[in-house]
Amino acid sequence: MKKHLFLATSMMAALPLASCRTVPEGTQGNASSFGTDIAFLKKHVKVQVLRSSSGAQVAIVPAWQGRVITSSAGGEKGLSYGWINYPLVESGIKPEAERTGLESHIYVFGGEERLWLGPEGGQYALFFPPGVKDYTFDKWKTPALIDTEPFEVKTATDTRIVLERSAKLTNKAGTAFSLRLERDVEVLEKAAVAGEFTVEVPDSVRFVGYRSRNVLANTGDKPWTKEGGVMSVWMLGMLKHGPGVTVVVPLADGSEPAVNSDYFGTPGSDRLRVVKQAVFFKGDGQFRSKIGIPPRRAKGICGSYDADRGILTVIRFSQPADAASLPYVRSQWKDHEQPYAGDVINAYNDGSPEPGAKPLGPFYELESSSPALPLEPGKAIEHTQTTVHFEGTAGQLDPLSLATLGVSIAEITAALK
């Protein structure tokens with residue numbers, strides 16, 4: 001198995017588990033309601049809940065970089081969509097001197113959308129200190145800015161929250177960055193969802209939608225250059241796995257290979273299928289694997305269908321029209337001949353990293369990245385992402401799947417059989 005790994009999926013599955021005494025019954029089986037999850041979270045951390053007029057709710061944790069920890073189309077009694085690491089939430093963030101094992105490298109709290117920065121590995125890595133020559137786990141550490149440091153809440157209402165954080169980072173090449181991160185999350189009403197995806201949402205379908213605007217600004221007095229290393233805005237989301245979960249990535253026409261699938265070894269045909277219009281990828285949490293879609297073949301949209309829970313998830317992000325000519329970082333744990341020839345969309349399926357070892361979750365992930373652009377002092381890049389979970393029967397969700405992902409529910413469910 002390759003050991004050149006990506007961040008949320010590069011964490012070894014040896015995360016120490018805390019006591020589960022106060023973990024709500026049923027949550028370990030991914031069956032918890034939104035209300036149960038929120039009640040548990042509020043015992044350990046401050047949670048800001050955004051609400052739409054339809055009763056949909058989105059939970060934000062400012063202390064964890066303003067991530068969307070989970071959401072629900074049905075209010076407190078509805079399904080809770082985000083994967084949450086309950087034992088780790090319960091144990092909390094320990095002082096640096098008391099951290100051991102994986103927690104000394106990263107805190108995997110979970111959450112269905114979080115803001116990170118790339119690249120993870122490579123000569124311009126943000127997760128390895130200056131001067132190191134080899135990429136080993138003992139040298140790898142998630143920057144506190146995107147791991148343990150809280151974001152400051154600038155404004156908050158029932159429907160929107162704006163947070164920010166200023167910091168300094170130094171990459172593996174020794175380049176120092178002064179930066180500001182801003183995150184603006186807003187829950188969406190039906191008209192906004194319909195307009196964003198050019199669909200009609202029937203009253204019979206429950207949904208929750210939110211849009212995040214994520215800004216990375218150069219607050220220093222020197223320009224950021226490709227020669228010194230530039231950064232990308234990296235959005236990752238951990239969602240609940242299941243035997244009926246299939247990830248779908250629509251494809252643009254092109255002669256370039258549609259999928260990079262060798263992150264952890266190529267999945268078999270029962271887990272990965274590529275057709276002209278889309279990529280299908282298994283999200284059952286039973287086989288550790290990851291795929292990437294290059295900017296020439298991506299269309300700025302991806303999603304998944306959970307046949308057992310009746311959930312269609314669709315994510316659209318701000319992929320530039322000229323993305324194929326822009327730099328996207330590569331994050332594998334090695335130096336790269338082409339460090340800016342990376343992927344714009346990634347999907348990850350959790351599982352045991354080796355025989356007999358425990359999985360990290362399990363869960364599955366949907367990820368998107370901005371280009372990594374050189375920035376003059378005072379300039380910024382912005383990456384916007386909209387996430388919607390539709391909940392209903394296969395027949396109710398089929399028109400929405402066709403309109404957003406370009407494939408039918410029947411095509412999705414049959415793709416990997």
# chains A, B, ... in the order shown; residues from 1 in each chain; ligands from 1
>>> residues_around(residues="Gly118 of chain A", least_positions_apart="3", cutoff="10 Å", atoms="only C-alpha atoms", output="ChimeraX atom specification")
/A:6-7,121,124-127,230-235,328-331,369-372
>>> residues_around(residues="Lys282 of chain A", least_positions_apart="5", cutoff="10 Å", atoms="only C-alpha atoms", output="ChimeraX atom specification")
/A:241-248,267,269-273,287,289-290,304,347-349,364,415-416
>>> select_by_dssp(residues="segment 15-259 of chain A", states="strand (DSSP E or B)", output="MDAnalysis selection string")
chainID A and resid 33 48:51 57:61 67:72 79 82 84 110 113:118 152:156 160:170 176:187 206:218 224 232:239 245:251
>>> residues_around(residues="Lys240 of chain A", least_positions_apart="3", cutoff="7 Å", atoms="only C-alpha atoms", output="ChimeraX atom specification")
/A:30,81-83,363-364
>>> atom_distance(atom1="atom CA of Ser401 of chain A", atom2="atom CA of Asp253 of chain A")
19.5 Å
>>> atom_distance(atom1="atom CA of Arg180 of chain A", atom2="atom CA of Ala63 of chain A")
16.3 Å
>>> residues_around(residues="Gly74 of chain A", least_positions_apart="6", cutoff="10 Å", atoms="only C-alpha atoms", output="list in words")
Ser33, Phe34, Gly35, Ser54, Gly55, Ala56, Gln57, Ser80, Arg206, Phe207, Val208 and Glu391 of chain A
>>> write_last_selection(atoms="C-alpha atoms", output="PDB file, in the first residue's frame")
ATOM      1  CA  SER A  33     -31.175  12.297  14.849  1.00  0.00           C
ATOM      2  CA  PHE A  34     -30.042  15.890  14.424  1.00  0.00           C
ATOM      3  CA  GLY A  35     -31.468  16.806  17.828  1.00  0.00           C
ATOM      4  CA  SER A  54     -38.825  25.048   5.996  1.00  0.00           C
ATOM      5  CA  GLY A  55     -37.386  23.706   9.259  1.00  0.00           C
ATOM      6  CA  ALA A  56     -34.005  22.682   7.857  1.00  0.00           C
ATOM      7  CA  GLN A  57     -31.083  23.234  10.224  1.00  0.00           C
ATOM      8  CA  SER A  80     -28.244  14.028  10.994  1.00  0.00           C
ATOM      9  CA  ARG A 206     -37.326  17.469   2.164  1.00  0.00           C
ATOM     10  CA  PHE A 207     -34.044  19.311   1.801  1.00  0.00           C
ATOM     11  CA  VAL A 208     -31.388  21.323   3.579  1.00  0.00           C
ATOM     12  CA  GLU A 391     -34.406  13.401   1.094  1.00  0.00           C
TER      13      GLU A 391
END
>>> atom_distance(atom1="atom CA of Glu164 of chain A", atom2="atom CA of Ala97 of chain A")
27.2 Å
>>> decode(residues="segment 52-63 of chain A", atoms="C-alpha atoms", output="PDB file, in the first residue's frame")
ATOM      1  CA  SER A  52     -34.492  27.983   7.290  1.00  0.00           C
ATOM      2  CA  SER A  53     -38.223  28.674   7.078  1.00  0.00           C
ATOM      3  CA  SER A  54     -38.825  25.048   5.996  1.00  0.00           C
ATOM      4  CA  GLY A  55     -37.386  23.706   9.259  1.00  0.00           C
ATOM      5  CA  ALA A  56     -34.005  22.682   7.857  1.00  0.00           C
ATOM      6  CA  GLN A  57     -31.083  23.234  10.224  1.00  0.00           C
ATOM      7  CA  VAL A  58     -27.298  23.588   9.835  1.00  0.00           C
ATOM      8  CA  ALA A  59     -24.931  23.287  12.829  1.00  0.00           C
ATOM      9  CA  ILE A  60     -21.687  25.306  12.919  1.00  0.00           C
ATOM     10  CA  VAL A  61     -18.871  24.943  15.479  1.00  0.00           C
ATOM     11  CA  PRO A  62     -16.782  28.172  15.642  1.00  0.00           C
ATOM     12  CA  ALA A  63     -14.146  26.505  17.856  1.00  0.00           C
TER      13      ALA A  63
END
